[in-house]
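Asks: Below you'll find query.cif; it's mmCIF, C-alpha atoms and all ligand atoms.
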data_target
loop_
_atom_site.label_atom_id
_atom_site.label_comp_id
_atom_site.auth_asym_id
_atom_site.auth_seq_id
_atom_site.Cartn_x
_atom_site.Cartn_y
_atom_site.Cartn_z
CA MET H 144 -19.51 -31.19 -77.43
CA GLU H 145 -15.79 -30.36 -77.59
CA ASP H 146 -15.07 -26.66 -77.76
CA SER H 147 -12.77 -27.12 -80.70
CA GLN H 148 -15.60 -28.39 -82.88
CA LEU H 149 -17.07 -24.90 -82.95
CA THR H 150 -13.95 -22.81 -82.61
CA PRO H 151 -12.92 -21.12 -85.86
CA PRO H 152 -9.49 -22.26 -87.10
CA ALA H 153 -6.59 -20.08 -85.96
CA PRO H 154 -4.67 -18.16 -88.64
CA ALA H 155 -1.50 -19.77 -90.01
CA SER H 156 0.77 -17.93 -87.58
CA ASP H 157 -0.43 -18.00 -84.01
CA ALA H 158 1.75 -14.99 -83.23
CA SER H 159 -0.50 -12.96 -85.51
CA ASN H 160 -3.62 -14.02 -83.66
CA PRO H 161 -4.14 -11.85 -80.58
CA TRP H 162 -6.87 -14.23 -79.38
CA ASP H 163 -4.31 -16.97 -79.01
CA ARG H 164 -2.00 -15.92 -76.17
CA PRO H 165 -1.08 -18.01 -73.10
CA GLU H 166 -1.88 -15.22 -70.63
CA ARG H 167 -5.32 -14.87 -72.17
CA GLU H 168 -5.93 -18.60 -71.76
CA MET H 169 -5.18 -18.18 -68.06
CA LEU H 170 -7.71 -15.33 -67.82
CA ALA H 171 -10.26 -17.42 -69.74
CA ALA H 172 -9.79 -20.45 -67.48
CA MET H 173 -10.01 -18.33 -64.34
CA VAL H 174 -13.22 -16.57 -65.44
CA ARG H 175 -14.82 -19.77 -66.67
CA SER H 176 -14.13 -21.55 -63.40
CA PHE H 177 -15.37 -18.61 -61.29
CA ALA H 178 -18.49 -18.26 -63.44
CA ALA H 179 -19.30 -21.98 -63.29
CA ARG H 180 -18.88 -22.00 -59.51
CA GLU H 181 -20.10 -18.59 -58.34
CA LEU H 182 -22.36 -17.20 -61.07
CA ALA H 183 -24.28 -19.76 -63.11
CA PRO H 184 -25.74 -21.67 -60.12
CA HIS H 185 -27.27 -18.42 -58.77
CA LEU H 186 -28.65 -16.99 -61.98
CA ASP H 187 -32.25 -18.13 -61.46
CA GLU H 188 -32.24 -16.64 -57.96
CA TRP H 189 -30.80 -13.32 -59.21
CA GLU H 190 -33.34 -13.21 -62.03
CA ARG H 191 -36.11 -13.56 -59.46
CA ALA H 192 -34.52 -10.84 -57.30
CA GLY H 193 -34.09 -8.59 -60.35
CA GLU H 194 -30.47 -7.82 -59.51
CA VAL H 195 -27.02 -9.22 -58.81
CA PRO H 196 -25.56 -8.83 -55.29
CA ARG H 197 -22.77 -6.32 -54.81
CA LYS H 198 -20.47 -8.93 -53.30
CA ILE H 199 -20.09 -10.44 -56.78
CA HIS H 200 -18.68 -7.14 -58.10
CA LEU H 201 -16.21 -7.15 -55.21
CA ALA H 202 -15.19 -10.74 -55.93
CA LEU H 203 -14.64 -9.99 -59.64
CA GLY H 204 -12.76 -6.83 -58.71
CA ALA H 205 -10.47 -8.77 -56.38
CA LEU H 206 -9.71 -11.26 -59.16
CA GLY H 207 -8.77 -8.38 -61.49
CA VAL H 208 -11.56 -9.34 -63.91
CA LEU H 209 -13.22 -5.90 -63.92
CA GLY H 210 -9.94 -4.34 -65.03
CA ALA H 211 -9.73 -6.42 -68.22
CA GLY H 212 -9.34 -4.09 -71.17
CA PHE H 213 -8.60 -0.98 -69.09
CA PRO H 214 -5.16 0.69 -68.95
CA GLU H 215 -2.80 -0.39 -66.18
CA ALA H 216 -2.68 3.20 -64.93
CA VAL H 217 -6.29 2.90 -63.78
CA GLY H 218 -5.99 -0.57 -62.31
CA GLY H 219 -6.61 -2.49 -65.51
CA SER H 220 -4.76 -4.96 -67.71
CA GLY H 221 -4.77 -6.27 -71.25
CA ASN H 222 -6.85 -4.86 -74.07
CA ILE H 223 -10.32 -5.13 -75.62
CA ILE H 224 -9.76 -8.80 -76.43
CA ASP H 225 -9.28 -9.55 -72.74
CA ALA H 226 -12.53 -7.72 -71.97
CA LEU H 227 -14.34 -9.74 -74.67
CA THR H 228 -12.78 -12.94 -73.36
CA VAL H 229 -14.37 -12.24 -69.98
CA THR H 230 -17.85 -11.95 -71.52
CA GLU H 231 -17.34 -15.06 -73.66
CA GLU H 232 -16.27 -17.14 -70.68
CA ILE H 233 -19.14 -15.96 -68.46
CA VAL H 234 -21.55 -17.11 -71.16
CA ALA H 235 -19.67 -20.35 -71.87
CA ALA H 236 -19.90 -21.29 -68.18
CA GLY H 237 -23.69 -20.99 -68.15
CA GLY H 238 -24.04 -17.24 -67.57
CA SER H 239 -26.00 -14.97 -69.87
CA SER H 240 -25.88 -11.66 -71.71
CA GLY H 241 -28.10 -10.24 -68.95
CA LEU H 242 -25.53 -11.26 -66.37
CA CYS H 243 -22.78 -9.59 -68.43
CA ALA H 244 -24.92 -6.43 -68.59
CA ALA H 245 -25.37 -6.41 -64.81
CA LEU H 246 -21.80 -7.26 -63.81
CA LEU H 247 -19.91 -5.42 -66.50
CA THR H 248 -21.79 -2.11 -66.67
CA HIS H 249 -18.49 -0.45 -65.84
CA GLY H 250 -17.50 -1.32 -69.40
CA ILE H 251 -19.85 1.40 -70.63
CA ALA H 252 -19.75 3.72 -67.59
CA LEU H 253 -15.98 4.20 -67.21
CA PRO H 254 -14.34 4.60 -70.64
CA HIS H 255 -15.29 8.28 -70.96
CA ILE H 256 -13.73 9.10 -67.59
CA VAL H 257 -10.64 6.99 -68.38
CA ARG H 258 -10.07 8.78 -71.69
CA ALA H 259 -11.15 12.33 -70.89
CA GLY H 260 -11.45 12.58 -67.12
CA ASP H 261 -8.96 14.21 -64.76
CA PRO H 262 -6.84 12.42 -62.11
CA ALA H 263 -9.28 13.30 -59.32
CA GLN H 264 -12.20 11.73 -61.23
CA ILE H 265 -10.12 8.65 -61.98
CA ALA H 266 -9.19 8.28 -58.32
CA LYS H 267 -12.74 8.84 -57.07
CA TYR H 268 -14.71 6.81 -59.62
CA VAL H 269 -12.59 4.61 -61.89
CA LEU H 270 -10.24 2.91 -59.41
CA PRO H 271 -12.95 1.89 -56.90
CA THR H 272 -15.28 0.73 -59.69
CA ILE H 273 -12.60 -1.50 -61.20
CA ALA H 274 -12.01 -2.82 -57.68
CA GLY H 275 -15.73 -3.71 -57.50
CA GLU H 276 -16.40 -1.27 -54.66
CA LEU H 277 -18.59 1.09 -56.69
CA ILE H 278 -21.13 0.55 -59.44
CA GLY H 279 -21.40 3.07 -62.26
CA SER H 280 -24.02 3.58 -64.96
CA LEU H 281 -24.06 5.37 -68.29
CA ALA H 282 -27.20 7.48 -68.71
CA ILE H 283 -27.79 8.73 -72.24
CA THR H 284 -31.24 7.53 -73.32
CA GLU H 285 -34.30 9.66 -72.50
CA PRO H 286 -38.01 9.04 -72.92
CA ASP H 287 -37.94 11.18 -76.09
CA ALA H 288 -34.42 10.48 -77.38
CA GLY H 289 -32.89 7.03 -77.91
CA SER H 290 -31.26 6.37 -81.26
CA ASP H 291 -31.18 10.12 -81.88
CA VAL H 292 -28.61 10.89 -79.17
CA ALA H 293 -28.06 14.43 -80.47
CA ASN H 294 -31.63 15.24 -79.46
CA ILE H 295 -31.31 14.70 -75.68
CA ALA H 296 -33.01 17.34 -73.55
CA THR H 297 -31.75 16.89 -69.97
CA SER H 298 -30.39 20.34 -69.20
CA ALA H 299 -27.35 21.41 -67.17
CA ARG H 300 -27.32 25.17 -66.54
CA ARG H 301 -24.10 26.62 -65.20
CA VAL H 302 -24.43 28.74 -62.06
CA GLY H 303 -21.06 29.69 -60.56
CA ASP H 304 -19.03 26.56 -59.92
CA LYS H 305 -22.06 24.25 -60.27
CA PHE H 306 -24.36 22.86 -62.93
CA ILE H 307 -28.08 22.65 -62.16
CA VAL H 308 -29.41 19.51 -63.83
CA ASN H 309 -33.05 18.89 -64.80
CA GLY H 310 -34.51 16.10 -66.89
CA SER H 311 -34.97 12.35 -67.03
CA LYS H 312 -33.26 9.22 -68.34
CA THR H 313 -34.68 5.79 -69.04
CA TYR H 314 -33.63 2.17 -69.64
CA ILE H 315 -30.45 2.77 -67.62
CA THR H 316 -28.58 -0.46 -66.92
CA SER H 317 -27.63 -0.86 -63.23
CA GLY H 318 -29.33 2.49 -62.60
CA VAL H 319 -31.10 1.17 -59.52
CA ARG H 320 -27.93 -0.06 -57.82
CA CYS H 321 -25.43 2.45 -59.18
CA ASP H 322 -23.39 4.76 -56.94
CA PHE H 323 -22.85 7.26 -59.73
CA ALA H 324 -23.95 7.83 -63.29
CA VAL H 325 -22.13 9.37 -66.22
CA VAL H 326 -24.97 11.46 -67.59
CA ALA H 327 -25.35 13.06 -71.02
CA VAL H 328 -26.64 16.59 -70.49
CA ARG H 329 -27.31 19.63 -72.63
CA THR H 330 -24.98 22.44 -71.62
CA GLY H 331 -25.30 24.42 -74.83
CA GLU H 332 -27.05 24.84 -78.15
CA LYS H 333 -29.39 22.31 -79.81
CA GLY H 334 -27.77 19.35 -81.53
CA ARG H 335 -24.58 17.40 -80.96
CA HIS H 336 -22.25 20.28 -80.04
CA GLY H 337 -24.35 21.28 -77.04
CA ILE H 338 -23.92 17.96 -75.21
CA SER H 339 -21.56 17.32 -72.26
CA LEU H 340 -20.97 14.45 -69.84
CA LEU H 341 -21.39 14.96 -66.11
CA ILE H 342 -20.72 12.48 -63.31
CA ILE H 343 -23.62 12.61 -60.86
CA ASP H 344 -23.42 10.87 -57.50
CA LYS H 345 -26.35 8.83 -56.26
CA GLY H 346 -27.64 10.53 -53.15
CA THR H 347 -27.22 14.04 -54.54
CA PRO H 348 -30.46 15.87 -53.63
CA GLY H 349 -32.90 15.81 -56.55
CA PHE H 350 -31.37 12.67 -58.19
CA GLN H 351 -34.12 10.08 -57.99
CA VAL H 352 -34.57 6.50 -59.15
CA VAL H 353 -38.16 6.82 -60.32
CA ARG H 354 -38.65 3.09 -60.80
CA LYS H 355 -37.03 -0.22 -61.50
CA LEU H 356 -38.28 -1.21 -64.94
CA GLU H 357 -39.80 -4.64 -65.60
CA LYS H 358 -38.45 -6.30 -68.72
CA MET H 359 -38.87 -9.21 -71.14
CA GLY H 360 -35.34 -10.46 -70.49
CA TRP H 361 -32.04 -9.51 -68.83
CA LEU H 362 -33.97 -10.14 -65.62
CA CYS H 363 -30.94 -10.18 -63.31
CA SER H 364 -29.86 -6.79 -64.66
CA ASP H 365 -31.62 -3.91 -62.92
CA THR H 366 -32.78 -1.21 -65.32
CA ALA H 367 -33.91 2.20 -64.12
CA GLU H 368 -35.80 5.28 -64.98
CA LEU H 369 -33.97 8.25 -63.44
CA ALA H 370 -35.09 11.82 -62.78
CA PHE H 371 -33.06 14.94 -62.05
CA SER H 372 -34.78 17.84 -60.38
CA ASP H 373 -32.57 20.90 -59.73
CA VAL H 374 -29.63 18.59 -59.00
CA GLU H 375 -26.52 20.61 -58.11
CA VAL H 376 -23.38 19.08 -59.61
CA PRO H 377 -19.90 20.58 -59.17
CA VAL H 378 -18.29 21.79 -62.40
CA SER H 379 -15.34 19.56 -61.49
CA ASN H 380 -17.59 16.57 -62.39
CA LEU H 381 -17.56 17.53 -66.06
CA VAL H 382 -15.88 14.74 -68.07
CA GLY H 383 -13.61 16.30 -70.68
CA ALA H 384 -14.33 19.69 -72.17
CA GLN H 385 -17.81 21.17 -72.21
CA GLY H 386 -19.57 20.40 -75.51
CA THR H 387 -17.56 17.23 -76.26
CA GLY H 388 -20.10 14.78 -74.84
CA PHE H 389 -21.54 13.63 -78.16
CA ALA H 390 -18.11 12.93 -79.66
CA GLN H 391 -17.10 11.03 -76.51
CA ILE H 392 -20.31 8.96 -76.58
CA MET H 393 -19.83 8.02 -80.23
CA ALA H 394 -16.14 7.15 -79.73
CA ASN H 395 -16.96 4.83 -76.84
CA PHE H 396 -19.90 3.14 -78.56
CA THR H 397 -17.36 1.06 -80.49
CA THR H 398 -16.29 -0.97 -77.46
CA GLU H 399 -19.90 -1.37 -76.26
CA ARG H 400 -20.91 -2.67 -79.68
CA LEU H 401 -17.98 -5.07 -79.88
CA SER H 402 -18.85 -6.35 -76.44
CA MET H 403 -22.48 -6.94 -77.41
CA ALA H 404 -21.36 -8.63 -80.63
CA ALA H 405 -19.05 -10.94 -78.66
CA GLN H 406 -21.83 -11.75 -76.18
CA ALA H 407 -24.30 -12.47 -78.99
CA ALA H 408 -21.86 -14.80 -80.74
CA ALA H 409 -20.96 -16.51 -77.45
CA VAL H 410 -24.62 -17.10 -76.57
CA ALA H 411 -25.25 -18.48 -80.08
CA LYS H 412 -22.32 -20.87 -79.65
CA ARG H 413 -23.52 -21.92 -76.20
CA CYS H 414 -27.04 -22.60 -77.52
CA VAL H 415 -25.63 -24.83 -80.27
CA GLU H 416 -23.71 -26.83 -77.67
CA ILE H 417 -26.71 -27.20 -75.36
CA SER H 418 -29.01 -28.10 -78.25
CA LEU H 419 -26.61 -30.68 -79.64
CA ALA H 420 -26.24 -32.38 -76.26
CA TRP H 421 -30.01 -32.41 -75.85
CA ALA H 422 -30.73 -33.68 -79.37
CA MET H 423 -28.27 -36.54 -78.94
CA GLN H 424 -30.01 -37.89 -75.86
CA ARG H 425 -33.68 -36.99 -76.47
CA LYS H 426 -35.54 -39.76 -78.26
CA SER H 427 -38.56 -39.50 -80.55
CA PHE H 428 -40.10 -42.40 -82.45
CA GLY H 429 -37.54 -44.69 -80.82
CA GLU H 430 -34.46 -42.81 -82.02
CA PRO H 431 -32.33 -39.89 -80.85
CA LEU H 432 -33.43 -36.61 -82.40
CA THR H 433 -30.07 -36.43 -84.17
CA ASN H 434 -31.04 -39.46 -86.24
CA HIS H 435 -33.58 -37.28 -88.06
CA GLN H 436 -31.94 -35.52 -90.96
CA VAL H 437 -34.00 -32.40 -90.53
CA ILE H 438 -32.65 -32.06 -86.98
CA ARG H 439 -29.06 -32.67 -88.08
CA HIS H 440 -29.38 -29.98 -90.72
CA LYS H 441 -30.94 -27.60 -88.23
CA LEU H 442 -27.96 -28.10 -85.89
CA ALA H 443 -25.53 -27.76 -88.78
CA GLU H 444 -27.04 -24.42 -89.79
CA MET H 445 -27.04 -23.21 -86.17
CA ALA H 446 -23.36 -24.17 -85.88
CA ARG H 447 -22.52 -22.46 -89.17
CA GLN H 448 -24.13 -19.19 -88.13
CA ALA H 449 -22.58 -19.22 -84.65
CA THR H 450 -19.13 -19.99 -86.09
CA VAL H 451 -19.30 -17.29 -88.75
CA ALA H 452 -20.39 -14.74 -86.12
CA THR H 453 -17.61 -15.74 -83.71
CA SER H 454 -14.98 -15.69 -86.43
CA PHE H 455 -16.02 -12.26 -87.74
CA VAL H 456 -16.25 -10.72 -84.25
CA HIS H 457 -12.79 -12.08 -83.42
CA GLU H 458 -11.30 -10.74 -86.64
CA ILE H 459 -12.78 -7.26 -86.23
CA SER H 460 -11.87 -7.00 -82.58
CA ALA H 461 -8.27 -7.99 -83.42
CA ALA H 462 -8.19 -5.20 -86.03
CA PHE H 463 -9.65 -2.76 -83.49
CA ALA H 464 -7.04 -3.83 -80.91
CA GLN H 465 -4.33 -3.04 -83.47
CA GLY H 466 -5.68 0.51 -83.69
CA ARG H 467 -7.33 0.22 -87.09
CA GLU H 468 -10.40 2.33 -87.89
CA VAL H 469 -13.14 -0.31 -88.07
CA GLY H 470 -16.28 1.51 -86.90
CA THR H 471 -18.29 0.30 -89.91
CA GLU H 472 -17.03 -3.26 -89.54
CA ILE H 473 -17.99 -3.19 -85.85
CA ALA H 474 -21.54 -2.26 -86.89
CA MET H 475 -21.45 -5.20 -89.34
CA ALA H 476 -20.08 -7.51 -86.65
CA LYS H 477 -22.83 -6.52 -84.21
CA ASN H 478 -25.57 -7.18 -86.75
CA THR H 479 -23.92 -10.42 -87.94
CA ALA H 480 -23.77 -11.74 -84.38
CA VAL H 481 -27.24 -10.51 -83.42
CA PHE H 482 -28.88 -12.01 -86.53
CA ALA H 483 -27.06 -15.31 -85.93
CA LEU H 484 -28.20 -15.24 -82.32
CA ASP H 485 -31.83 -14.56 -83.30
CA TYR H 486 -31.76 -17.58 -85.59
CA VAL H 487 -29.97 -19.86 -83.15
CA VAL H 488 -32.04 -19.11 -80.02
CA ASN H 489 -35.25 -19.60 -81.95
CA GLU H 490 -34.14 -23.00 -83.25
CA ALA H 491 -32.68 -23.95 -79.85
CA VAL H 492 -36.04 -23.46 -78.14
CA GLN H 493 -37.78 -25.31 -80.99
CA LEU H 494 -35.39 -28.26 -80.67
CA HIS H 495 -36.16 -28.50 -76.96
CA GLY H 496 -39.89 -28.78 -77.65
CA GLY H 497 -42.10 -27.96 -74.65
CA LEU H 498 -39.07 -27.97 -72.37
CA GLY H 499 -37.65 -25.04 -74.32
CA PHE H 500 -40.67 -22.95 -73.34
CA MET H 501 -40.25 -23.69 -69.62
CA ARG H 502 -38.79 -21.21 -67.15
CA GLY H 503 -35.50 -22.51 -65.82
CA THR H 504 -34.36 -24.05 -69.11
CA GLU H 505 -31.17 -22.32 -70.21
CA VAL H 506 -32.23 -21.83 -73.84
CA GLU H 507 -35.45 -20.19 -72.64
CA ARG H 508 -33.40 -17.52 -70.84
CA HIS H 509 -31.19 -16.97 -73.88
CA TYR H 510 -34.29 -16.64 -76.08
CA ARG H 511 -35.72 -13.91 -73.80
CA ASP H 512 -32.37 -12.16 -73.50
CA ALA H 513 -31.61 -12.24 -77.21
CA LYS H 514 -34.16 -9.62 -78.22
CA VAL H 515 -32.37 -6.73 -76.54
CA MET H 516 -29.08 -7.43 -78.31
CA GLY H 517 -30.46 -5.81 -81.46
CA ILE H 518 -31.75 -2.81 -79.50
CA GLY H 519 -29.11 -1.84 -76.90
CA GLY H 520 -25.85 -0.15 -77.88
CA GLY H 521 -27.45 1.02 -81.13
CA THR H 522 -30.24 -0.87 -82.87
CA ASN H 523 -29.93 -3.15 -85.90
CA GLU H 524 -31.34 -0.34 -88.01
CA ILE H 525 -28.82 2.20 -86.69
CA MET H 526 -25.99 -0.28 -87.43
CA ASN H 527 -27.30 -0.51 -90.99
CA GLU H 528 -27.37 3.30 -91.20
CA ILE H 529 -23.66 3.35 -90.27
CA ILE H 530 -22.92 0.72 -92.93
CA ALA H 531 -25.02 2.51 -95.57
CA LYS H 532 -23.27 5.83 -94.88
CA ARG H 533 -19.88 4.19 -95.53
CA MET H 534 -21.35 2.87 -98.79
CA GLY H 535 -22.09 6.46 -99.74
CA ILE H 536 -25.88 6.09 -99.67
C1 LIG H 601 -32.46 -3.49 -71.40
C2 LIG H 601 -31.94 -2.18 -71.94
C3 LIG H 601 -30.82 -1.61 -71.35
C4 LIG H 601 -30.37 -0.37 -71.79
N1 LIG H 601 -29.32 0.21 -71.16
C5 LIG H 601 -29.01 1.51 -71.44
C6 LIG H 601 -28.03 2.22 -70.67
O1 LIG H 601 -27.39 1.65 -69.78
N2 LIG H 601 -27.82 3.51 -70.93
C7 LIG H 601 -28.49 4.17 -71.92
O2 LIG H 601 -28.25 5.37 -72.11
N3 LIG H 601 -29.42 3.52 -72.69
C8 LIG H 601 -29.69 2.23 -72.46
N4 LIG H 601 -30.64 1.57 -73.21
C9 LIG H 601 -31.32 2.30 -74.26
C10 LIG H 601 -30.96 1.85 -75.66
O3 LIG H 601 -29.69 2.33 -76.00
C11 LIG H 601 -32.08 2.40 -76.58
O4 LIG H 601 -33.24 1.68 -76.29
C12 LIG H 601 -31.73 2.28 -78.04
O5 LIG H 601 -30.65 3.14 -78.36
C13 LIG H 601 -32.91 2.62 -78.94
O6 LIG H 601 -33.52 3.82 -78.57
P1 LIG H 601 -35.10 3.86 -78.33
O7 LIG H 601 -35.47 2.75 -77.42
O8 LIG H 601 -35.47 5.23 -77.91
O9 LIG H 601 -35.74 3.56 -79.74
P2 LIG H 601 -36.00 4.62 -80.90
O10 LIG H 601 -34.77 5.41 -81.16
O11 LIG H 601 -37.26 5.35 -80.61
O12 LIG H 601 -36.23 3.66 -82.13
C14 LIG H 601 -37.46 2.92 -82.31
C15 LIG H 601 -37.29 2.06 -83.57
O13 LIG H 601 -37.08 2.89 -84.70
C16 LIG H 601 -35.88 2.56 -85.33
N5 LIG H 601 -35.21 3.76 -85.84
C17 LIG H 601 -34.92 4.89 -85.15
N6 LIG H 601 -34.30 5.78 -85.94
C18 LIG H 601 -34.17 5.17 -87.15
C19 LIG H 601 -33.60 5.56 -88.39
N7 LIG H 601 -32.96 6.72 -88.55
N8 LIG H 601 -33.67 4.70 -89.44
C20 LIG H 601 -34.27 3.49 -89.29
N9 LIG H 601 -34.82 3.07 -88.12
C21 LIG H 601 -34.76 3.89 -87.07
C22 LIG H 601 -35.02 1.89 -84.26
O14 LIG H 601 -34.04 1.07 -84.84
C23 LIG H 601 -36.09 1.12 -83.49
O15 LIG H 601 -36.36 -0.07 -84.15
C24 LIG H 601 -31.05 0.30 -72.84
C25 LIG H 601 -32.14 -0.31 -73.45
C26 LIG H 601 -32.60 -1.52 -73.01
C27 LIG H 601 -33.82 -2.12 -73.65
#
Kindly transcribe the structure held in the file into structure tokens.
Ligand SMILES: Cc1cc2nc3c(=O)[nH]c(=O)nc-3n(C[C@H](O)[C@H](O)[C@H](O)COP(=O)(O)OP(=O)(O)OC[C@H]3O[C@@H](n4cnc5c(N)ncnc54)[C@H](O)[C@@H]3O)c2cc1C

Replies:
Amino acid sequence: MEDSQLTPPAPASDASNPWDRPEREMLAAMVRSFAARELAPHLDEWERAGEVPRKIHLALGALGVLGAGFPEAVGGSGNIIDALTVTEEIVAAGGSSGLCAALLTHGIALPHIVRAGDPAQIAKYVLPTIAGELIGSLAITEPDAGSDVANIATSARRVGDKFIVNGSKTYITSGVRCDFAVVAVRTGEKGRHGISLLIIDKGTPGFQVVRKLEKMGWLCSDTAELAFSDVEVPVSNLVGAQGTGFAQIMANFTTERLSMAAQAAAVAKRCVEISLAWAMQRKSFGEPLTNHQVIRHKLAEMARQATVATSFVHEISAAFAQGREVGTEIAMAKNTAVFALDYVVNEAVQLHGGLGFMRGTEVERHYRDAKVMGIGGGTNEIMNEIIAKRMGI
């Protein structure tokens, strides 16, 4: 299927559409070609291994892909739309949301340091991570605190020029492979004002990867349970001012949510394309599946939902890139894309019949991976809470 058949129409003036810029098309073509050549063919192997090799981070770093969306001062280029373009193209070339999670964890691990960190932290952590030499994680979730971020318990007690950290984190993306983690810790009172962010190096005594978690999907993305037992962290590893961790986490959730929304919409679009190609060549009762009206209508509805999700995510990310306050709309965009994805992956597997249930079929991977899109980065229910609050209820 031609791309254009599922691409939402551009606004009247192309100049007003930040998605439609020549330099972005070059980035898109470069990522798509790299992903088709170097990523997609290895995905099954990486899913079996439970992780992506480090050399891939280095290759993406060398191409400048990991810098997409970060300021030039820290080795980046472009804006959020460039970062979303990278995820869209990885998926379009046969990658997956799990692959995006594994390769682009820096997208959630670095923004706090970029915005609130000092030059020494930027030199030590941000530049080498954008170059693909280091892998960072963001560790907020704990066994007893997920959606309720303000309730985290991992403690950081100040003793002289060090913090002594104790506690545990779970479901941490790239936590097994990471070289450092940006960790939400409690440095003060109960609630949101007592939370700070600390960078903790892997290898610091007492920082342990307890286990690599086994999951339903995102199989190529390693996910860890971490423990901190009297870990001594220099005060200089504090990101921003003490007590500002919660505000920093909330501010940076916006880009994570937009990224997940873009991935969800891109996977939905990809599944429509795969399903259409399959339905045109698969025969039942002597005819291609697409000769059955019920199948045509199924594909039409899948295409409608994927197109609406893509269009809305593009519109909201353009508004965000222009500096508009669109936190509520980002929550809406994430749920719109995730609900479209849930519908589309389910129908895509159904359209493939028994083949759709088989390991190694692309729609089967997308079906497994889809479930976490409504959980990570804030659940569907938490997105609805954000929307309801704006409605005054
Ligand atoms: C594969 C994967 C990767 C992840 N990566 C990371 C990572 O890199 N770093 C990190 O810090 N975390 C990560 N997470 C954690 C993720 O952010 C949390 O799982 C998520 O925020 C939900 O928290 P929870 O699992 O504790 O669920 P809970 O908060 O316990 O929620 C359980 C259920 O109750 C619902 N619920 C909770 N509160 C409300 C409410 N007020 N109103 C209505 N419903 C509510 C939720 O929506 C959910 O359906 C990851 C999770 C997964 C599965």

Asks: Find the axis-aligned box for ligand LIG 601 (chain H), covering all its listed atoms and adding 6 Å on each side, and write its centre and edge lengths in Å to one decimal as lines of an AutoDock Vina configuration file.

Replies:
center_x = -32.4
center_y = 1.6
center_z = -79.6
size_x = 22.1
size_y = 22.2
size_z = 31.7

Asks: Any idea what the distance is between atom O11 of ligand LIG 601 (chain H) and atom CA of Ser290 of chain H?

Replies: 6.1 Å

Asks: Return the single residue from H:Gly275, H:Gly221, H:Gly250, H:Pro262 that is closest to Ala205 of chain H, with distances computed using only C-alpha atoms.

Replies: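 Of H:Gly275, H:Gly221, H:Gly250, H:Pro262, the one nearest Ala205 of chain H is H:Gly275, counting only C-alpha atoms.
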
Asks: At a cut-off of 10 Å and counting all atoms listed in the file, what residues surround ligand LIG 601 (chain H)? Please answer as number ranges by chain.

Replies: H: 241, 244-245, 248-249, 251-252, 279-292, 312-318, 324-327, 356-362, 364-367, 392, 512, 514-528

Asks: Could you tell me which of H:Ala384, H:Leu206, H:Cys414, H:Cys321 comes closest to Phe177 of chain H if we count only C-alpha atoms?

Replies: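 Closest to Phe177 of chain H, using only C-alpha atoms: H:Leu206.
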
Asks: Neighbours of Glu490 of chain H within 10 Å (all atoms listed in the file; same-chain residues fewer than 2 positions away dropped), as a list in words?

Replies: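 Close residues of Glu490 of chain H: Cys414, Val415, Ser418, Ile438, Lys441, Leu442, Glu444, Met445, Leu484, Asp485, Tyr486, Val487, Val488, Val492, Gln493, Leu494, His495, Gly496, Gly499, Val506 and Tyr510 of chain H.
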
Asks: Hey, what's within 7 Å of Leu242 of chain H if we count only C-alpha atoms and toss same-chain stuff fewer than 4 positions away? As a PyMOL selection string, please?

Replies: chain H and resi 238+246+363-364

Asks: Which of these, H:Val217, H:Ala293, H:Ile417, H:Val376, has the shortest distance to Val257 of chain H once you count only C-alpha atoms?

Replies: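 Nearest candidate to Val257 of chain H out of H:Val217, H:Ala293, H:Ile417, H:Val376: H:Val217.
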
Asks: Up to 12 Å from (-23.2, -22.1, -61.4) in the file's coordinates: name the residues, counting only C-alpha atoms, as a ChimeraX atom specification.

Replies: /H:175-189,233-239,505
